[in-house]
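Everything below concerns the one structure shown next.
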Amino acid sequence: MALRTWPAETEEYHNGWFFRASGGITRRANSIWTSDGTGPWQLDDARPKMAEAFYRKHLLPLRYHISDASPAGLDAWLERQGYAKETPCSVMIADTDEVCERTEASRNTKIKTVVQHRHDPAWVEHFIHMEGFKSEAAGFYDGLFHRVKPDKGFVSLIDGERCVGAGMAVAEDGWAGFVNVVIHPQERGRGLGKLLLHELAQWSRDHGASRLYLQVMNDNAPAIRLYSSTGYKRLYGFHYRTQTSS
C-alpha cells in the first residue's frame with residue numbers, strides 16, 4: 001500500500017521488483033523497490049544488470065530501496081559492492097480511533113480546515129513553499145498526485161489568509177497512509193501538527209480506514225515524538241543503497 005502512495009513517472013516490473021524513475025526528484029520515485037519477499041538473495045540474479053541498464057538510460061544513479069521484506073542478503077551484498085547507505089526510515093502504524101481521540105483536544109476554532117478530494121495548483125504551491133522545495137518540483141508533485149489511484153484527501157490548515165499546514169491521506173482496504181505532511185516552519189510549536197493529524201485521521205475514518213500508517217526519517221526526532229504521542233508505533237524500517245562513483 002505504501003508503494004502505491006508514491007507512483008513514479010516511469011515504472012518497470014521485473015520479477016517482483018519495480019524499477020522507478022522520475023527525473024531524480026525524491027529517492028522513493030527514483031529507486032528499485034525490492035520488498036517482494038522472494039527469499040534469500042542469489043548471486044546469479046539477473047535483475048541488478050537489468051537495473052544498471054534502466055538507470056543508465058534515465059541518467060540516474062542506481063539506487064535500491066531496502067526493507068525488512070527485501071531478499072535476505074541483498075543489503076549486505078550491496079554494501080560489499082560499495083553502495084552507500086542513505087536515509088534510514090521507519091514505517092509507523094496506529095489505530096484510527098486512538099489517533100482521533102488523542103488529537104481531539106488540538107481542535108482550534110481559529111484555524112480553518114479545508115479538505116479537498118483532489119489537489120489544485122494552490123495546494124501544491126503551499127506544500128512546496130512550506131517544505132522549502134524548489135519551484136521546479138511542482139510538476140513532479142502535480143503528476144504524483146494525479147497518479148495515485150486510491151481515494152485521496154488533501155487537508156489544508158488556514159490561519160487568516162495564510163496556509164500554515166498541509167497533508168495528504170490515501171485510503172485503501174481499511175488502511176490510510178499519510179504523506180506530504182508539513183507545518184509551516186514559522187508556525188511550529190503551536191500544536192498544529194496534532195491538529196493536522198486529527199483532520200487527516202477524521203478524513204481516513206470517514207473513508208473506511210480503521211488503521212493508519214506513515215513513513216518518517218529516523219533522524220526526524222520531533223516528528224517521531226509527535227507520532228508516538230498520538231498512538232503510532234514502529235512496524236518496520238527501510239533505507240536506500242546508492243551506487244557511489246568509482
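Ligands are numbered from 1 in the order shown, residues from 1 within each chain, and chains are lettered A, B, ... in the order they appear in the C-alpha cells.
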
Fewer than 2 positions away in the same chain doesn't count, so skip those; otherwise give me all residues within 12 Å of Ile183 in chain A, counting only C-alpha atoms, as a ChimeraX atom specification.
-> /A:126-132,155-159,162-167,180-181,185-197,223

Would you mind listing, for every residue of range 138-158 of chain A within 10 Å of range 202-207 of chain A, the two atoms forming the shortest contact and the distance between them in Å to one decimal, using only C-alpha atoms, sorted by chain and ascending residue number, as a tab-separated table?
residue	atom	partner	partner_atom	distance
A:Asp151	CA	A:His207	CA	8.0
A:Lys152	CA	A:Ser204	CA	9.2
A:Gly153	CA	A:Trp203	CA	7.0
A:Phe154	CA	A:Trp203	CA	9.3
A:Val155	CA	A:Trp203	CA	8.9

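In this model, the gap between CA of Trp123 in chain A and CA of Arg225 in chain A comes to 26.4 Å.
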
Please identify which residues in range 34-196 of chain A DSSP calls alpha helix (DSSP H) from the backbone, and express them as a PyMOL selection string.
-> chain A and resi 47-57+74-80+96-103+121-131+138-147+192-196

With a distance cut-off of 10 Å and only C-alpha atoms, select the neighbouring residues of Asp219 in chain A, excluding the residue or stretch itself and same-chain residues fewer than 3 positions from it, and output the selection as number ranges by chain.
-> A: 87-89, 216, 222-224

Emit the selected residues as a PDB file, in the first residue's frame, including all heavy atoms.
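What ended up in result14.pdb:
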ATOM      1  N   THR A  87      19.502   7.531   4.278  1.00  0.00           N
ATOM      2  CA  THR A  87      18.157   7.879   4.741  1.00  0.00           C
ATOM      3  C   THR A  87      17.424   6.730   5.427  1.00  0.00           C
ATOM      4  O   THR A  87      16.375   6.278   4.955  1.00  0.00           O
ATOM      5  CB  THR A  87      17.299   8.404   3.571  1.00  0.00           C
ATOM      6  OG1 THR A  87      18.100   9.197   2.693  1.00  0.00           O
ATOM      7  CG2 THR A  87      16.154   9.256   4.109  1.00  0.00           C
ATOM      8  N   PRO A  88      17.913   6.224   6.549  1.00  0.00           N
ATOM      9  CA  PRO A  88      17.135   5.228   7.295  1.00  0.00           C
ATOM     10  C   PRO A  88      15.783   5.805   7.724  1.00  0.00           C
ATOM     11  O   PRO A  88      15.716   6.929   8.247  1.00  0.00           O
ATOM     12  CB  PRO A  88      18.024   4.917   8.501  1.00  0.00           C
ATOM     13  CG  PRO A  88      19.399   5.332   8.088  1.00  0.00           C
ATOM     14  CD  PRO A  88      19.205   6.517   7.187  1.00  0.00           C
ATOM     15  N   CYS A  89      14.737   5.049   7.497  1.00  0.00           N
ATOM     16  CA  CYS A  89      13.370   5.497   7.787  1.00  0.00           C
ATOM     17  C   CYS A  89      12.616   4.406   8.542  1.00  0.00           C
ATOM     18  O   CYS A  89      13.038   3.246   8.578  1.00  0.00           O
ATOM     19  CB  CYS A  89      12.616   5.817   6.497  1.00  0.00           C
ATOM     20  SG  CYS A  89      13.324   7.139   5.498  1.00  0.00           S
ATOM     21  N   VAL A 216       8.560   7.943   8.167  1.00  0.00           N
ATOM     22  CA  VAL A 216       9.273   9.072   8.764  1.00  0.00           C
ATOM     23  C   VAL A 216      10.762   8.747   8.801  1.00  0.00           C
ATOM     24  O   VAL A 216      11.161   7.599   9.032  1.00  0.00           O
ATOM     25  CB  VAL A 216       8.733   9.366  10.186  1.00  0.00           C
ATOM     26  CG1 VAL A 216       8.884   8.165  11.100  1.00  0.00           C
ATOM     27  CG2 VAL A 216       9.395  10.595  10.787  1.00  0.00           C
ATOM     28  N   PRO A 222      11.604  15.275  16.261  1.00  0.00           N
ATOM     29  CA  PRO A 222      10.335  15.938  16.606  1.00  0.00           C
ATOM     30  C   PRO A 222       9.124  15.239  16.004  1.00  0.00           C
ATOM     31  O   PRO A 222       8.094  15.098  16.674  1.00  0.00           O
ATOM     32  CB  PRO A 222      10.520  17.349  16.035  1.00  0.00           C
ATOM     33  CG  PRO A 222      11.990  17.558  16.007  1.00  0.00           C
ATOM     34  CD  PRO A 222      12.560  16.218  15.644  1.00  0.00           C
ATOM     35  N   ALA A 223       9.230  14.801  14.747  1.00  0.00           N
ATOM     36  CA  ALA A 223       8.102  14.126  14.110  1.00  0.00           C
ATOM     37  C   ALA A 223       7.819  12.785  14.776  1.00  0.00           C
ATOM     38  O   ALA A 223       6.658  12.433  15.016  1.00  0.00           O
ATOM     39  CB  ALA A 223       8.378  13.920  12.622  1.00  0.00           C
ATOM     40  N   ILE A 224       8.869  12.043  15.114  1.00  0.00           N
ATOM     41  CA  ILE A 224       8.667  10.755  15.768  1.00  0.00           C
ATOM     42  C   ILE A 224       8.018  10.935  17.131  1.00  0.00           C
ATOM     43  O   ILE A 224       7.125  10.161  17.517  1.00  0.00           O
ATOM     44  CB  ILE A 224      10.007  10.001  15.877  1.00  0.00           C
ATOM     45  CG1 ILE A 224      10.491   9.604  14.474  1.00  0.00           C
ATOM     46  CG2 ILE A 224       9.869   8.761  16.757  1.00  0.00           C
ATOM     47  CD1 ILE A 224      11.869   8.989  14.447  1.00  0.00           C
TER      48      ILE A 224
END

Residue neighbourhood Leu3 in chain A, 9 Å, only C-alpha atoms, exclusion window fewer than 4 positions, as a ChimeraX atom specification | /A:7,28,33

Only N, CA, C and O atoms, please: the residues just picked out, written as a compact mmCIF listing (two decimals), in the first residue's frame.
# COMPACT_ATOMS: atom_id res chain seq x y z
N PRO A 7 3.63 6.63 -6.69
CA PRO A 7 3.91 6.06 -8.01
C PRO A 7 4.86 6.94 -8.82
O PRO A 7 4.68 8.16 -8.90
N ARG A 28 12.38 7.89 -3.27
CA ARG A 28 11.36 6.84 -3.44
C ARG A 28 10.99 6.64 -4.90
O ARG A 28 10.79 5.52 -5.36
N TRP A 33 12.36 -0.78 -5.94
CA TRP A 33 11.58 -1.34 -4.83
C TRP A 33 11.81 -2.85 -4.83
O TRP A 33 11.48 -3.54 -5.81

Show which residues sit within 9 Å of Ala84 in chain A, as an MDAnalysis selection string. Count only C-alpha atoms, and ignore same-chain residues fewer than 5 positions away.
-> chainID A and resid 78:79 240:244

Can those selected residues be exported to a file as a PDB file, in the first residue's frame so that it contains all heavy atoms?
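Below is the file that was written, result-v6.pdb:
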ATOM      1  N   LEU A  78      25.052  -5.455  -1.415  1.00  0.00           N
ATOM      2  CA  LEU A  78      25.202  -4.084  -1.916  1.00  0.00           C
ATOM      3  C   LEU A  78      26.286  -3.334  -1.139  1.00  0.00           C
ATOM      4  O   LEU A  78      27.060  -2.571  -1.726  1.00  0.00           O
ATOM      5  CB  LEU A  78      23.862  -3.346  -1.825  1.00  0.00           C
ATOM      6  CG  LEU A  78      22.771  -3.832  -2.788  1.00  0.00           C
ATOM      7  CD1 LEU A  78      21.430  -3.205  -2.431  1.00  0.00           C
ATOM      8  CD2 LEU A  78      23.140  -3.509  -4.232  1.00  0.00           C
ATOM      9  N   GLU A  79      26.342  -3.572   0.168  1.00  0.00           N
ATOM     10  CA  GLU A  79      27.382  -2.932   0.967  1.00  0.00           C
ATOM     11  C   GLU A  79      28.771  -3.376   0.500  1.00  0.00           C
ATOM     12  O   GLU A  79      29.694  -2.554   0.380  1.00  0.00           O
ATOM     13  CB  GLU A  79      27.186  -3.243   2.446  1.00  0.00           C
ATOM     14  CG  GLU A  79      28.164  -2.531   3.356  1.00  0.00           C
ATOM     15  CD  GLU A  79      27.846  -2.734   4.819  1.00  0.00           C
ATOM     16  OE1 GLU A  79      27.281  -3.787   5.169  1.00  0.00           O
ATOM     17  OE2 GLU A  79      28.160  -1.832   5.619  1.00  0.00           O
ATOM     18  N   TYR A 240      17.966   3.253   1.858  1.00  0.00           N
ATOM     19  CA  TYR A 240      18.383   3.184   0.467  1.00  0.00           C
ATOM     20  C   TYR A 240      19.859   2.788   0.394  1.00  0.00           C
ATOM     21  O   TYR A 240      20.642   3.075   1.306  1.00  0.00           O
ATOM     22  CB  TYR A 240      18.169   4.530  -0.230  1.00  0.00           C
ATOM     23  CG  TYR A 240      16.724   4.957  -0.254  1.00  0.00           C
ATOM     24  CD1 TYR A 240      16.193   5.724   0.772  1.00  0.00           C
ATOM     25  CD2 TYR A 240      15.882   4.556  -1.280  1.00  0.00           C
ATOM     26  CE1 TYR A 240      14.853   6.106   0.767  1.00  0.00           C
ATOM     27  CE2 TYR A 240      14.542   4.923  -1.294  1.00  0.00           C
ATOM     28  CZ  TYR A 240      14.035   5.693  -0.270  1.00  0.00           C
ATOM     29  OH  TYR A 240      12.711   6.050  -0.278  1.00  0.00           O
ATOM     30  N   ARG A 241      20.223   2.137  -0.692  1.00  0.00           N
ATOM     31  CA  ARG A 241      21.607   1.847  -1.029  1.00  0.00           C
ATOM     32  C   ARG A 241      21.870   2.458  -2.407  1.00  0.00           C
ATOM     33  O   ARG A 241      21.224   2.086  -3.390  1.00  0.00           O
ATOM     34  CB  ARG A 241      21.869   0.334  -1.079  1.00  0.00           C
ATOM     35  CG  ARG A 241      21.931  -0.342   0.267  1.00  0.00           C
ATOM     36  CD  ARG A 241      23.239  -0.060   0.988  1.00  0.00           C
ATOM     37  NE  ARG A 241      23.311  -0.794   2.267  1.00  0.00           N
ATOM     38  CZ  ARG A 241      24.330  -0.684   3.090  1.00  0.00           C
ATOM     39  NH1 ARG A 241      25.354   0.100   2.801  1.00  0.00           N
ATOM     40  NH2 ARG A 241      24.335  -1.359   4.232  1.00  0.00           N
ATOM     41  N   THR A 242      22.806   3.413  -2.447  1.00  0.00           N
ATOM     42  CA  THR A 242      23.067   4.152  -3.678  1.00  0.00           C
ATOM     43  C   THR A 242      24.479   3.893  -4.170  1.00  0.00           C
ATOM     44  O   THR A 242      25.435   3.959  -3.396  1.00  0.00           O
ATOM     45  CB  THR A 242      22.851   5.659  -3.454  1.00  0.00           C
ATOM     46  OG1 THR A 242      21.525   5.875  -2.996  1.00  0.00           O
ATOM     47  CG2 THR A 242      23.064   6.439  -4.753  1.00  0.00           C
ATOM     48  N   GLN A 243      24.574   3.622  -5.455  1.00  0.00           N
ATOM     49  CA  GLN A 243      25.885   3.362  -6.057  1.00  0.00           C
ATOM     50  C   GLN A 243      26.737   4.622  -6.017  1.00  0.00           C
ATOM     51  O   GLN A 243      26.290   5.709  -6.405  1.00  0.00           O
ATOM     52  CB  GLN A 243      25.694   2.902  -7.505  1.00  0.00           C
ATOM     53  CG  GLN A 243      26.942   2.371  -8.166  1.00  0.00           C
ATOM     54  CD  GLN A 243      26.650   1.848  -9.561  1.00  0.00           C
ATOM     55  OE1 GLN A 243      25.974   2.497 -10.355  1.00  0.00           O
ATOM     56  NE2 GLN A 243      27.130   0.652  -9.856  1.00  0.00           N
ATOM     57  N   THR A 244      27.955   4.479  -5.530  1.00  0.00           N
ATOM     58  CA  THR A 244      28.866   5.616  -5.472  1.00  0.00           C
ATOM     59  C   THR A 244      29.775   5.592  -6.681  1.00  0.00           C
ATOM     60  O   THR A 244      30.022   4.540  -7.283  1.00  0.00           O
ATOM     61  CB  THR A 244      29.722   5.560  -4.201  1.00  0.00           C
ATOM     62  OG1 THR A 244      30.403   4.300  -4.151  1.00  0.00           O
ATOM     63  CG2 THR A 244      28.844   5.683  -2.958  1.00  0.00           C
TER      64      THR A 244
END

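Of the listed residues A:Met50, A:Ala169, A:Leu214, A:Ile32, the one whose atoms come nearest to Arg118 in chain A is A:Ala169, with distances taken using only C-alpha atoms.
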
So which residues touch range 40-46 of chain A within 7 Å, counting only C-alpha atoms, skipping near sequence neighbours fewer than 5 positions away, as a list in words?
-> Pro71, Ala72, Gly73 and Leu74 of chain A

Would you export the selected residues with C-alpha atoms as a compact mmCIF listing (two decimals), in the first residue's frame, please?
# COMPACT_ATOMS: atom_id res chain seq x y z
CA PRO A 71 15.65 -10.62 -0.14
CA ALA A 72 17.85 -11.71 2.77
CA GLY A 73 21.47 -10.95 1.97
CA LEU A 74 20.78 -8.26 -0.66

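Of note, CA of Glu12 in chain A and CA of Phe145 in chain A are spaced 19.3 Å apart.
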
Shell around Gly208 in chain A at 10 Å using only C-alpha atoms, local window under 3 positions removed, as a list of chain:residue names =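 My list of contacting residues is A:Thr96, A:Ala171, A:Glu172, A:Asp173, A:Gly174, A:Trp175, A:Ala176, A:Trp203, A:Ser204, A:Arg205, A:Arg211.
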
Strand (DSSP E or B) residues, from DSSP on the backbone, in range 36-196 of chain A, as a PyMOL selection string | chain A and resi 63-67+84-95+112-116+151-159+162-172+175-183

Could you state the separation of CA of Gln81 in chain A and CA of Trp6 in chain A in Å, given to one decimal place?
->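 One can read the CA of Gln81 in chain A to CA of Trp6 in chain A distance as 27.8 Å.
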